[in-house]
file coords-v1.json (JSON, C-alpha atoms and all ligand atoms)
[["chain", "number", "residue", "atom", "x", "y", "z"],
["A", 96, "LYS", "CA", 40.91, 77.80, 184.58],
["A", 97, "CYS", "CA", 39.49, 79.53, 187.62],
["A", 98, "HIS", "CA", 42.70, 81.44, 188.29],
["A", 99, "GLU", "CA", 42.91, 82.46, 184.67],
["A", 100, "GLU", "CA", 39.39, 83.89, 184.79],
["A", 101, "MET", "CA", 40.08, 85.74, 188.01],
["A", 102, "SER", "CA", 43.07, 87.51, 186.51],
["A", 103, "SER", "CA", 41.30, 88.30, 183.21],
["A", 104, "PRO", "CA", 38.45, 90.65, 184.02],
["A", 105, "LEU", "CA", 36.35, 92.58, 181.53],
["A", 106, "TYR", "CA", 37.87, 95.82, 182.76],
["A", 107, "PHE", "CA", 39.83, 97.52, 185.54],
["A", 108, "GLY", "CA", 38.81, 100.82, 187.04],
["A", 109, "TRP", "CA", 37.85, 102.88, 190.06],
["A", 110, "PHE", "CA", 34.45, 101.91, 191.45],
["A", 111, "LEU", "CA", 32.56, 104.63, 193.30],
["A", 112, "PHE", "CA", 31.34, 103.82, 196.80],
["A", 113, "PHE", "CA", 27.61, 103.12, 196.85],
["A", 114, "THR", "CA", 26.69, 106.20, 198.90],
["A", 115, "VAL", "CA", 28.71, 108.32, 196.49],
["A", 116, "GLN", "CA", 26.96, 106.74, 193.50],
["A", 117, "ASP", "CA", 23.63, 107.99, 194.82],
["A", 118, "GLU", "CA", 25.03, 111.50, 195.24],
["A", 119, "VAL", "CA", 26.50, 111.55, 191.75],
["A", 120, "ARG", "CA", 23.26, 110.25, 190.22],
["A", 121, "GLU", "CA", 21.38, 113.01, 192.01],
["A", 122, "THR", "CA", 23.84, 115.63, 190.73],
["A", 123, "SER", "CA", 23.41, 114.24, 187.24],
["A", 124, "THR", "CA", 19.61, 114.43, 187.48],
["A", 125, "ASN", "CA", 19.82, 118.01, 188.75],
["A", 126, "PHE", "CA", 22.13, 118.90, 185.88],
["A", 127, "LEU", "CA", 19.62, 117.59, 183.35],
["A", 128, "LYS", "CA", 16.80, 119.45, 185.08],
["A", 129, "SER", "CA", 18.67, 122.74, 185.03],
["A", 130, "LEU", "CA", 19.59, 122.21, 181.37],
["A", 131, "GLU", "CA", 15.95, 121.71, 180.47],
["A", 132, "GLY", "CA", 15.11, 124.97, 182.22],
["A", 133, "LEU", "CA", 17.56, 126.99, 180.13],
["A", 134, "GLU", "CA", 16.43, 129.05, 177.19],
["A", 135, "SER", "CA", 19.73, 128.34, 175.42],
["A", 136, "PHE", "CA", 19.15, 124.62, 175.75],
["A", 137, "GLN", "CA", 15.58, 124.81, 174.53],
["A", 138, "LYS", "CA", 16.85, 126.72, 171.51],
["A", 139, "HIS", "CA", 18.90, 123.66, 170.53],
["A", 140, "ILE", "CA", 16.44, 121.00, 171.71],
["A", 141, "SER", "CA", 16.09, 119.56, 168.22],
["A", 142, "ASP", "CA", 19.62, 118.12, 168.67],
["A", 143, "PHE", "CA", 17.97, 115.68, 171.07],
["A", 144, "SER", "CA", 14.41, 115.17, 170.04],
["A", 145, "GLY", "CA", 14.68, 115.83, 166.34],
["A", 146, "LYS", "CA", 11.61, 117.94, 166.93],
["A", 147, "GLU", "CA", 10.93, 121.37, 168.32],
["A", 148, "GLU", "CA", 9.40, 120.06, 171.51],
["A", 149, "LYS", "CA", 10.30, 119.32, 175.10],
["A", 150, "ALA", "CA", 12.53, 116.29, 175.53],
["A", 151, "ASP", "CA", 12.59, 114.53, 178.91],
["A", 152, "LEU", "CA", 16.33, 114.11, 179.31],
["A", 153, "ASP", "CA", 16.06, 111.93, 182.41],
["A", 154, "GLN", "CA", 14.12, 109.39, 180.34],
["A", 155, "TYR", "CA", 16.36, 109.93, 177.34],
["A", 156, "PHE", "CA", 19.53, 108.47, 178.95],
["A", 157, "LYS", "CA", 19.50, 104.98, 180.46],
["A", 158, "ALA", "CA", 21.78, 104.16, 183.40],
["A", 159, "LYS", "CA", 24.56, 101.62, 182.78],
["A", 160, "GLY", "CA", 24.96, 99.97, 186.20],
["A", 161, "THR", "CA", 27.70, 100.52, 188.79],
["A", 162, "LEU", "CA", 29.32, 103.92, 188.43],
["A", 163, "HIS", "CA", 33.04, 103.65, 187.72],
["A", 164, "CYS", "CA", 35.94, 105.16, 185.84],
["A", 165, "THR", "CA", 37.49, 102.56, 183.54],
["A", 166, "THR", "CA", 41.28, 102.50, 183.44],
["A", 167, "LYS", "CA", 41.79, 99.55, 181.09],
["A", 168, "PHE", "CA", 39.23, 97.58, 179.10],
["A", 169, "THR", "CA", 40.92, 94.17, 179.10],
["A", 170, "ASN", "CA", 38.04, 92.17, 177.58],
["A", 171, "TYR", "CA", 38.90, 88.96, 179.50],
["A", 172, "GLY", "CA", 42.51, 89.19, 178.39],
["A", 173, "LYS", "CA", 41.65, 89.54, 174.71],
["A", 174, "ALA", "CA", 42.14, 93.31, 174.35],
["A", 175, "GLU", "CA", 45.46, 94.62, 173.11],
["A", 176, "GLY", "CA", 47.83, 95.14, 176.02],
["A", 177, "ALA", "CA", 45.48, 93.38, 178.46],
["A", 178, "LYS", "CA", 47.99, 90.90, 179.80],
["A", 179, "GLU", "CA", 50.70, 93.55, 180.14],
["A", 180, "TYR", "CA", 48.37, 95.85, 182.05],
["A", 181, "THR", "CA", 47.16, 93.10, 184.38],
["A", 182, "ALA", "CA", 50.74, 92.07, 185.12],
["A", 183, "LYS", "CA", 51.94, 95.62, 185.89],
["A", 184, "GLN", "CA", 53.39, 95.90, 189.36],
["A", 185, "ILE", "CA", 51.50, 99.12, 190.13],
["A", 186, "VAL", "CA", 48.19, 97.48, 189.13],
["A", 187, "GLN", "CA", 48.85, 94.58, 191.48],
["A", 188, "GLU", "CA", 50.08, 96.90, 194.21],
["A", 189, "LEU", "CA", 47.17, 99.34, 194.14],
["A", 190, "TYR", "CA", 44.48, 96.72, 193.55],
["A", 191, "GLY", "CA", 41.82, 97.23, 196.22],
["A", 192, "SER", "CA", 43.15, 100.64, 197.26],
["A", 193, "VAL", "CA", 40.81, 103.55, 197.90],
["A", 194, "SER", "CA", 41.26, 107.06, 196.53],
["A", 195, "GLU", "CA", 39.21, 110.17, 195.80],
["A", 196, "LEU", "CA", 38.17, 110.78, 192.21],
["A", 197, "SER", "CA", 37.74, 114.43, 191.33],
["A", 198, "LEU", "CA", 34.78, 114.90, 188.99],
["A", 199, "SER", "CA", 35.53, 118.23, 187.34],
["A", 200, "ALA", "CA", 32.84, 118.50, 184.67],
["A", 201, "LEU", "CA", 29.57, 117.02, 183.45],
["A", 202, "PHE", "CA", 28.73, 116.64, 179.78],
["A", 203, "ILE", "CA", 25.97, 115.40, 177.53],
["A", 204, "THR", "CA", 25.72, 114.63, 173.83],
["A", 205, "PRO", "CA", 22.81, 113.13, 171.88],
["A", 206, "ARG", "CA", 24.37, 109.74, 172.71],
["A", 207, "THR", "CA", 25.78, 109.84, 176.23],
["A", 208, "ILE", "CA", 25.98, 111.60, 179.58],
["A", 209, "GLY", "CA", 29.16, 111.47, 181.64],
["A", 210, "ALA", "CA", 31.37, 113.08, 184.24],
["A", 211, "ARG", "CA", 34.94, 114.05, 183.46],
["A", 212, "VAL", "CA", 37.51, 112.76, 185.94],
["A", 213, "ALA", "CA", 40.57, 114.88, 186.71],
["A", 214, "LEU", "CA", 43.09, 112.21, 187.63],
["A", 215, "SER", "CA", 45.76, 112.84, 190.27],
["A", 216, "GLU", "CA", 49.46, 112.07, 189.71],
["A", 217, "GLU", "CA", 49.05, 108.93, 191.78],
["A", 218, "GLN", "CA", 45.96, 107.84, 189.84],
["A", 219, "LEU", "CA", 47.71, 108.46, 186.52],
["A", 220, "LYS", "CA", 50.15, 105.68, 187.41],
["A", 221, "LEU", "CA", 47.28, 103.28, 186.74],
["A", 222, "TRP", "CA", 46.36, 104.94, 183.45],
["A", 223, "PRO", "CA", 47.36, 103.02, 180.28],
["A", 224, "ASP", "CA", 49.87, 104.92, 178.09],
["A", 225, "ASP", "CA", 47.76, 104.31, 174.99],
["A", 226, "ALA", "CA", 44.25, 105.11, 176.29],
["A", 227, "GLU", "CA", 44.00, 108.34, 174.28],
["A", 228, "LYS", "CA", 45.98, 107.07, 171.26],
["A", 229, "GLU", "CA", 43.64, 104.11, 170.99],
["A", 230, "ALA", "CA", 40.74, 106.52, 170.36],
["A", 231, "GLU", "CA", 42.49, 108.38, 167.52],
["A", 232, "SER", "CA", 40.70, 106.49, 164.73],
["A", 233, "VAL", "CA", 37.33, 107.42, 166.23],
["A", 234, "VAL", "CA", 38.27, 110.92, 167.46],
["A", 235, "PRO", "CA", 40.95, 112.54, 165.31],
["A", 236, "GLY", "CA", 43.27, 114.59, 167.50],
["A", 237, "ALA", "CA", 42.67, 112.48, 170.63],
["A", 238, "SER", "CA", 46.21, 111.10, 170.67],
["A", 239, "ALA", "CA", 47.65, 114.61, 171.10],
["A", 240, "LEU", "CA", 45.67, 115.23, 174.29],
["A", 241, "PRO", "CA", 47.35, 114.88, 177.70],
["A", 242, "LEU", "CA", 47.43, 111.47, 179.35],
["A", 243, "GLY", "CA", 44.27, 110.88, 181.36],
["A", 244, "SER", "CA", 42.07, 113.09, 179.17],
["A", 245, "ARG", "CA", 39.74, 110.18, 178.50],
["A", 246, "GLY", "CA", 39.10, 109.68, 182.24],
["A", 247, "HIS", "CA", 35.36, 109.70, 182.86],
["A", 248, "VAL", "CA", 32.40, 108.07, 184.55],
["A", 249, "THR", "CA", 29.59, 107.00, 182.21],
["A", 250, "LEU", "CA", 26.32, 108.18, 183.75],
["A", 251, "GLY", "CA", 24.03, 106.97, 181.01],
["A", 252, "CYS", "CA", 23.61, 106.21, 177.33],
["A", 253, "VAL", "CA", 20.81, 106.39, 174.83],
["A", 254, "GLU", "CA", 19.29, 103.00, 174.12],
["A", 255, "GLY", "CA", 21.46, 101.03, 171.72],
["A", 256, "VAL", "CA", 24.61, 103.05, 172.47],
["A", 257, "GLU", "CA", 27.54, 101.28, 174.16],
["A", 258, "ALA", "CA", 29.25, 102.86, 177.19],
["A", 259, "VAL", "CA", 32.57, 103.10, 175.32],
["A", 260, "GLN", "CA", 31.00, 106.01, 173.42],
["A", 261, "THR", "CA", 31.07, 108.26, 176.51],
["A", 262, "GLY", "CA", 34.86, 108.49, 176.48],
["A", 263, "TYR", "CA", 34.86, 109.24, 172.74],
["A", 264, "ASP", "CA", 32.28, 112.00, 173.27],
["A", 265, "LEU", "CA", 34.41, 113.55, 176.02],
["A", 266, "LEU", "CA", 37.56, 113.37, 173.89],
["A", 267, "GLN", "CA", 35.75, 115.02, 171.01],
["A", 268, "ILE", "CA", 34.78, 117.97, 173.24],
["A", 269, "LEU", "CA", 38.36, 118.22, 174.56],
["A", 270, "VAL", "CA", 39.75, 118.28, 171.00],
["A", 271, "LEU", "CA", 37.37, 121.15, 170.18],
["A", 272, "GLN", "CA", 38.52, 123.02, 173.31],
["A", 273, "LYS", "CA", 42.17, 122.44, 172.43],
["A", 274, "ASN", "CA", 41.53, 123.82, 168.94],
["A", 275, "GLY", "CA", 40.32, 127.02, 170.52],
["A", 276, "GLU", "CA", 36.64, 126.45, 169.85],
["A", 277, "GLN", "CA", 34.83, 128.94, 172.11],
["A", 278, "GLY", "CA", 31.34, 127.55, 171.80],
["A", 279, "GLU", "CA", 28.47, 129.43, 173.44],
["A", 280, "ALA", "CA", 29.32, 129.84, 177.13],
["A", 281, "GLU", "CA", 27.12, 130.98, 179.99],
["A", 282, "GLU", "CA", 27.40, 131.01, 183.77],
["A", 283, "ILE", "CA", 24.92, 128.91, 185.71],
["A", 284, "ASP", "CA", 24.81, 128.13, 189.44],
["A", 285, "ALA", "CA", 26.95, 125.00, 189.16],
["A", 286, "GLY", "CA", 29.63, 126.49, 186.90],
["A", 287, "THR", "CA", 30.35, 127.43, 183.29],
["A", 288, "LEU", "CA", 28.15, 125.77, 180.73],
["A", 289, "THR", "CA", 29.30, 125.65, 177.10],
["A", 290, "TYR", "CA", 27.48, 124.53, 173.99],
["A", 291, "TYR", "CA", 29.79, 123.17, 171.28],
["A", 292, "GLY", "CA", 27.15, 122.45, 168.65],
["A", 293, "GLU", "CA", 25.65, 119.11, 167.58],
["A", 294, "GLY", "CA", 24.07, 118.58, 171.00],
["A", 295, "ARG", "CA", 27.37, 118.76, 172.89],
["A", 296, "TRP", "CA", 27.03, 120.48, 176.29],
["A", 297, "TYR", "CA", 29.88, 120.73, 178.78],
["A", 298, "LEU", "CA", 29.52, 122.01, 182.35],
["A", 299, "SER", "CA", 32.79, 122.88, 184.04],
["A", 300, "LEU", "CA", 31.96, 122.55, 187.74],
["A", 301, "LYS", "CA", 32.71, 125.49, 190.03],
["A", 302, "GLU", "CA", 33.22, 122.96, 192.79],
["A", 303, "PRO", "CA", 34.51, 119.58, 191.62],
["A", 304, "ILE", "CA", 32.77, 116.58, 193.17],
["A", 305, "SER", "CA", 35.03, 114.42, 195.29],
["A", 306, "ALA", "CA", 34.05, 110.78, 194.91],
["A", 307, "ALA", "CA", 35.53, 107.98, 197.02],
["A", 308, "ALA", "CA", 36.33, 104.95, 194.87],
["A", 309, "SER", "CA", 38.26, 101.71, 195.06],
["A", 310, "PHE", "CA", 40.54, 100.45, 192.31],
["A", 311, "SER", "CA", 39.35, 97.03, 191.29],
["A", 312, "SER", "CA", 38.04, 95.02, 188.35],
["A", 313, "ALA", "CA", 34.73, 93.76, 187.01],
["A", 314, "TYR", "CA", 33.84, 90.59, 185.16],
["A", 315, "LYS", "CA", 30.69, 91.70, 183.39],
["B", 1, "LIG", "P1", 32.99, 103.36, 179.87],
["B", 1, "LIG", "O1", 34.31, 103.27, 180.55],
["B", 1, "LIG", "O2", 32.86, 104.53, 179.00],
["B", 1, "LIG", "O3", 31.84, 103.32, 180.83],
["B", 1, "LIG", "C1", 32.47, 97.63, 180.30],
["B", 1, "LIG", "O4", 31.96, 97.65, 179.01],
["B", 1, "LIG", "C2", 33.17, 98.93, 180.60],
["B", 1, "LIG", "O5", 34.34, 99.06, 179.81],
["B", 1, "LIG", "C3", 32.33, 100.14, 180.34],
["B", 1, "LIG", "O6", 32.44, 100.95, 181.47],
["B", 1, "LIG", "C4", 32.89, 100.73, 179.07],
["B", 1, "LIG", "O7", 32.84, 102.11, 178.87],
["B", 1, "LIG", "C5", 34.30, 100.23, 179.05],
["B", 1, "LIG", "N1", 34.69, 99.90, 177.68],
["B", 1, "LIG", "C6", 34.06, 99.07, 176.82],
["B", 1, "LIG", "N2", 34.74, 98.94, 175.67],
["B", 1, "LIG", "C7", 35.84, 99.73, 175.79],
["B", 1, "LIG", "C8", 36.93, 100.04, 174.94],
["B", 1, "LIG", "N3", 37.05, 99.51, 173.72],
["B", 1, "LIG", "N4", 37.86, 100.89, 175.40],
["B", 1, "LIG", "C9", 37.76, 101.44, 176.62],
["B", 1, "LIG", "N5", 36.75, 101.19, 177.47],
["B", 1, "LIG", "C10", 35.80, 100.34, 177.07]]
call {"tool": "encode", "arguments": {"input": "coords-v1.json", "output": "structure tokens", "more": "lines below"}}
Ligand code: 2AM
result
Amino acid sequence: KCHEEMSSPLYFGWFLFFTVQDEVRETSTNFLKSLEGLESFQKHISDFSGKEEKADLDQYFKAKGTLHCTTKFTNYGKAEGAKEYTAKQIVQELYGSVSELSLSALFITPRTIGARVALSEEQLKLWPDDAEKEAESVVPGASALPLGSRGHVTLGCVEGVEAVQTGYDLLQILVLQKNGEQGEAEEIDAGTLTYYGEGRWYLSLKEPISAAASFSSAYK
């Protein structure tokens, strides 16, 4: 029983080192602060508050625990493909290994805040083939995006919203980008900020954040 539990986690992923988590949280807080200071953001504030008044974004999103980038949600072995993923040689081989995650963008929607992860060739070896396809029913067009597109770190969610939503929100923005949606873009200190409507804001970072992380699994 014990062995079975040990090999059937809730999910696999890259877990950011603790010191790095603090840095990323700070970056996230600064991002929200700079958003609130923008005229363009204030113009669309009703996307978040439903009213024409100042919303405190830092209070709006609630943190979801240890910062990580999920590779496979195995749901204690119950998710489709869980056993196959767990048994993969590369998963066994790289379990416990440390690598640098490149956080290339930050994004918020009225539901979630997250960081996009630009996965390396090596990291993509741990990425499930169907991660984007699996989201197709929720985000039409997701399955046509490149492998690894869903890679992200959930930084927070609105109360009552599950973390899985962050990846869907990212994929939705990427589908819009792929369809040539220009949005309303402006340059800010940290990079190019684009508004895609319906409260979707995407900041492409001038300098990606390098975050040390270890590939491992979590049980809750
Ligand atoms: P996240 O990767 O967007 O943060 C435990 O719930 C973790 O598994 C969370 O980090 C969560 O979202 C992720 N998760 C939950 N359900 C999922 C699903 N159906 N597909 C992919 N990831 C999922």
call {"tool": "residues_around", "arguments": {"input": "coords-v1.json", "residues": "A:Ser129", "least_positions_apart": "5", "cutoff": "12 Å", "atoms": "all atoms listed in the file", "output": "PDB file with C-alpha atoms, in the frame of the given file"}}
result
ATOM      1  CA  THR A 122      23.840 115.630 190.730  1.00  0.00           C
ATOM      2  CA  SER A 123      23.410 114.240 187.240  1.00  0.00           C
ATOM      3  CA  THR A 124      19.610 114.430 187.480  1.00  0.00           C
ATOM      4  CA  GLU A 134      16.430 129.050 177.190  1.00  0.00           C
ATOM      5  CA  SER A 135      19.730 128.340 175.420  1.00  0.00           C
ATOM      6  CA  PHE A 136      19.150 124.620 175.750  1.00  0.00           C
ATOM      7  CA  GLN A 137      15.580 124.810 174.530  1.00  0.00           C
ATOM      8  CA  ASP A 151      12.590 114.530 178.910  1.00  0.00           C
ATOM      9  CA  LEU A 152      16.330 114.110 179.310  1.00  0.00           C
ATOM     10  CA  ASP A 153      16.060 111.930 182.410  1.00  0.00           C
ATOM     11  CA  ILE A 283      24.920 128.910 185.710  1.00  0.00           C
ATOM     12  CA  ASP A 284      24.810 128.130 189.440  1.00  0.00           C
ATOM     13  CA  ALA A 285      26.950 125.000 189.160  1.00  0.00           C
ATOM     14  CA  GLY A 286      29.630 126.490 186.900  1.00  0.00           C
ATOM     15  CA  LEU A 288      28.150 125.770 180.730  1.00  0.00           C
ATOM     16  CA  LEU A 298      29.520 122.010 182.350  1.00  0.00           C
TER      17      LEU A 298
END
call {"tool": "closest_atom_pairs", "arguments": {"input": "coords-v1.json", "of": "stretch 276-296 of chain A", "to": "stretch 245-267 of chain A", "cutoff": "12 Å", "atoms": "only C-alpha atoms", "output": "CSV"}}
result
residue,atom,partner,partner_atom,distance
A:Glu276,CA,A:Gln267,CA,11.5
A:Tyr291,CA,A:Gln267,CA,10.1
A:Gly292,CA,A:Gln267,CA,11.6
A:Glu293,CA,A:Asp264,CA,11.3
A:Gly294,CA,A:Asp264,CA,10.8
A:Arg295,CA,A:Asp264,CA,8.4
A:Trp296,CA,A:Leu265,CA,10.1
call {"tool": "residues_around", "arguments": {"input": "coords-v1.json", "residues": "A:Val212", "least_positions_apart": "3", "cutoff": "10 Å", "atoms": "all atoms listed in the file", "output": "list in words"}}
result
Cys164, Leu196, Ser197, Leu198, Ser199, Ala200, Leu201, Gly209, Ser215, Gly243, Ser244, Arg245, Gly246, His247, Val248, Pro303, Ile304, Ser305 and Ala306 of chain A
call {"tool": "write_last_selection", "arguments": {"input": "coords-v1.json", "atoms": "C-alpha atoms", "output": "PDB file, in the coordinates of the input"}}
result
ATOM      1  CA  CYS A 164      35.940 105.160 185.840  1.00  0.00           C
ATOM      2  CA  LEU A 196      38.170 110.780 192.210  1.00  0.00           C
ATOM      3  CA  SER A 197      37.740 114.430 191.330  1.00  0.00           C
ATOM      4  CA  LEU A 198      34.780 114.900 188.990  1.00  0.00           C
ATOM      5  CA  SER A 199      35.530 118.230 187.340  1.00  0.00           C
ATOM      6  CA  ALA A 200      32.840 118.500 184.670  1.00  0.00           C
ATOM      7  CA  LEU A 201      29.570 117.020 183.450  1.00  0.00           C
ATOM      8  CA  GLY A 209      29.160 111.470 181.640  1.00  0.00           C
ATOM      9  CA  SER A 215      45.760 112.840 190.270  1.00  0.00           C
ATOM     10  CA  GLY A 243      44.270 110.880 181.360  1.00  0.00           C
ATOM     11  CA  SER A 244      42.070 113.090 179.170  1.00  0.00           C
ATOM     12  CA  ARG A 245      39.740 110.180 178.500  1.00  0.00           C
ATOM     13  CA  GLY A 246      39.100 109.680 182.240  1.00  0.00           C
ATOM     14  CA  HIS A 247      35.360 109.700 182.860  1.00  0.00           C
ATOM     15  CA  VAL A 248      32.400 108.070 184.550  1.00  0.00           C
ATOM     16  CA  PRO A 303      34.510 119.580 191.620  1.00  0.00           C
ATOM     17  CA  ILE A 304      32.770 116.580 193.170  1.00  0.00           C
ATOM     18  CA  SER A 305      35.030 114.420 195.290  1.00  0.00           C
ATOM     19  CA  ALA A 306      34.050 110.780 194.910  1.00  0.00           C
TER      20      ALA A 306
END
call {"tool": "atom_distance", "arguments": {"input": "coords-v1.json", "atom1": "atom CA of A:Phe113", "atom2": "atom CA of A:Ala182"}}
result
28.2 Å
call {"tool": "atom_distance", "arguments": {"input": "coords-v1.json", "atom1": "atom CA of A:Asn170", "atom2": "atom O3 of ligand LIG 1 (chain B)"}}
result
13.2 Å
call {"tool": "residues_around", "arguments": {"input": "coords-v1.json", "residues": "A:Lys315", "least_positions_apart": "2", "cutoff": "9 Å", "atoms": "all atoms listed in the file", "output": "compact mmCIF listing (two decimals) with C-alpha atoms, in the frame of the given file"}}
result
# COMPACT_ATOMS: atom_id res chain seq x y z
CA PRO A 104 38.45 90.65 184.02
CA LEU A 105 36.35 92.58 181.53
CA TYR A 106 37.87 95.82 182.76
CA ALA A 313 34.73 93.76 187.01
call {"tool": "residues_near_point", "arguments": {"input": "coords-v1.json", "point": "(45.6, 91.6, 175.6)", "cutoff": "12 Å", "atoms": "all atoms listed in the file", "output": "JSON list (two decimals) with C-alpha atoms, in the coordinates of the input"}}
result
[["chain", "number", "residue", "atom", "x", "y", "z"],
["A", 102, "SER", "CA", 43.07, 87.51, 186.51],
["A", 103, "SER", "CA", 41.30, 88.30, 183.21],
["A", 104, "PRO", "CA", 38.45, 90.65, 184.02],
["A", 105, "LEU", "CA", 36.35, 92.58, 181.53],
["A", 106, "TYR", "CA", 37.87, 95.82, 182.76],
["A", 167, "LYS", "CA", 41.79, 99.55, 181.09],
["A", 168, "PHE", "CA", 39.23, 97.58, 179.10],
["A", 169, "THR", "CA", 40.92, 94.17, 179.10],
["A", 170, "ASN", "CA", 38.04, 92.17, 177.58],
["A", 171, "TYR", "CA", 38.90, 88.96, 179.50],
["A", 172, "GLY", "CA", 42.51, 89.19, 178.39],
["A", 173, "LYS", "CA", 41.65, 89.54, 174.71],
["A", 174, "ALA", "CA", 42.14, 93.31, 174.35],
["A", 175, "GLU", "CA", 45.46, 94.62, 173.11],
["A", 176, "GLY", "CA", 47.83, 95.14, 176.02],
["A", 177, "ALA", "CA", 45.48, 93.38, 178.46],
["A", 178, "LYS", "CA", 47.99, 90.90, 179.80],
["A", 179, "GLU", "CA", 50.70, 93.55, 180.14],
["A", 180, "TYR", "CA", 48.37, 95.85, 182.05],
["A", 181, "THR", "CA", 47.16, 93.10, 184.38],
["A", 182, "ALA", "CA", 50.74, 92.07, 185.12]]
call {"tool": "closest_residue", "arguments": {"input": "coords-v1.json", "among": "A:Gln277, A:Gln272, A:Ser312, A:Thr114", "to": "ligand LIG 1 (chain B)", "atoms": "all atoms listed in the file"}}
result
A:Ser312
call {"tool": "closest_residue", "arguments": {"input": "coords-v1.json", "among": "A:Val186, A:Ala239, A:Val234, A:Leu162", "to": "ligand LIG 1 (chain B)", "atoms": "all atoms listed in the file"}}
result
A:Leu162
call {"tool": "closest_residue", "arguments": {"input": "coords-v1.json", "among": "A:Ser311, A:Gln116, A:Ser299, A:Thr161", "to": "ligand LIG 1 (chain B)", "atoms": "all atoms listed in the file"}}
result
A:Thr161
call {"tool": "closest_residue", "arguments": {"input": "coords-v1.json", "among": "A:Val115, A:Leu130, A:Ala230, A:Ala308", "to": "ligand LIG 1 (chain B)", "atoms": "only C-alpha atoms and all ligand atoms"}}
result
A:Ala230
call {"tool": "atom_distance", "arguments": {"input": "coords-v1.json", "atom1": "atom CA of A:Leu271", "atom2": "atom O4 of ligand LIG 1 (chain B)"}}
result
25.7 Å
call {"tool": "residues_around", "arguments": {"input": "coords-v1.json", "residues": "A:Ser238", "least_positions_apart": "2", "cutoff": "7 Å", "atoms": "all atoms listed in the file", "output": "ChimeraX atom specification"}}
result
/A:227-228,231,236,240
call {"tool": "build_atoms", "arguments": {"input": "coords-v1.json", "residues": "stretch 196-200 of chain A", "atoms": "all heavy atoms", "output": "mmCIF file, keeping the file's coordinate frame"}}
result
data_model
loop_
_atom_site.group_PDB
_atom_site.id
_atom_site.type_symbol
_atom_site.label_atom_id
_atom_site.label_comp_id
_atom_site.auth_asym_id
_atom_site.auth_seq_id
_atom_site.Cartn_x
_atom_site.Cartn_y
_atom_site.Cartn_z
ATOM 1 N N LEU A 196 38.212 110.314 193.596
ATOM 2 C CA LEU A 196 38.170 110.780 192.210
ATOM 3 C C LEU A 196 37.620 112.190 192.211
ATOM 4 O O LEU A 196 36.630 112.473 192.882
ATOM 5 C CB LEU A 196 37.247 109.894 191.371
ATOM 6 C CG LEU A 196 37.658 108.465 191.044
ATOM 7 C CD1 LEU A 196 36.579 107.810 190.196
ATOM 8 C CD2 LEU A 196 39.000 108.426 190.319
ATOM 9 N N SER A 197 38.237 113.062 191.446
ATOM 10 C CA SER A 197 37.740 114.430 191.330
ATOM 11 C C SER A 197 36.937 114.554 190.031
ATOM 12 O O SER A 197 37.491 114.473 188.941
ATOM 13 C CB SER A 197 38.912 115.407 191.338
ATOM 14 O OG SER A 197 38.434 116.704 191.111
ATOM 15 N N LEU A 198 35.627 114.728 190.174
ATOM 16 C CA LEU A 198 34.780 114.900 188.990
ATOM 17 C C LEU A 198 34.717 116.399 188.698
ATOM 18 O O LEU A 198 34.162 117.168 189.473
ATOM 19 C CB LEU A 198 33.377 114.344 189.237
ATOM 20 C CG LEU A 198 33.296 112.929 189.837
ATOM 21 C CD1 LEU A 198 31.843 112.455 189.907
ATOM 22 C CD2 LEU A 198 34.124 111.932 189.039
ATOM 23 N N SER A 199 35.334 116.807 187.596
ATOM 24 C CA SER A 199 35.530 118.230 187.340
ATOM 25 C C SER A 199 34.520 118.836 186.377
ATOM 26 O O SER A 199 34.394 120.052 186.284
ATOM 27 C CB SER A 199 36.938 118.465 186.803
ATOM 28 O OG SER A 199 37.124 117.732 185.610
ATOM 29 N N ALA A 200 33.809 117.990 185.641
ATOM 30 C CA ALA A 200 32.840 118.500 184.670
ATOM 31 C C ALA A 200 31.775 117.441 184.382
ATOM 32 O O ALA A 200 31.995 116.243 184.599
ATOM 33 C CB ALA A 200 33.540 118.876 183.366
#
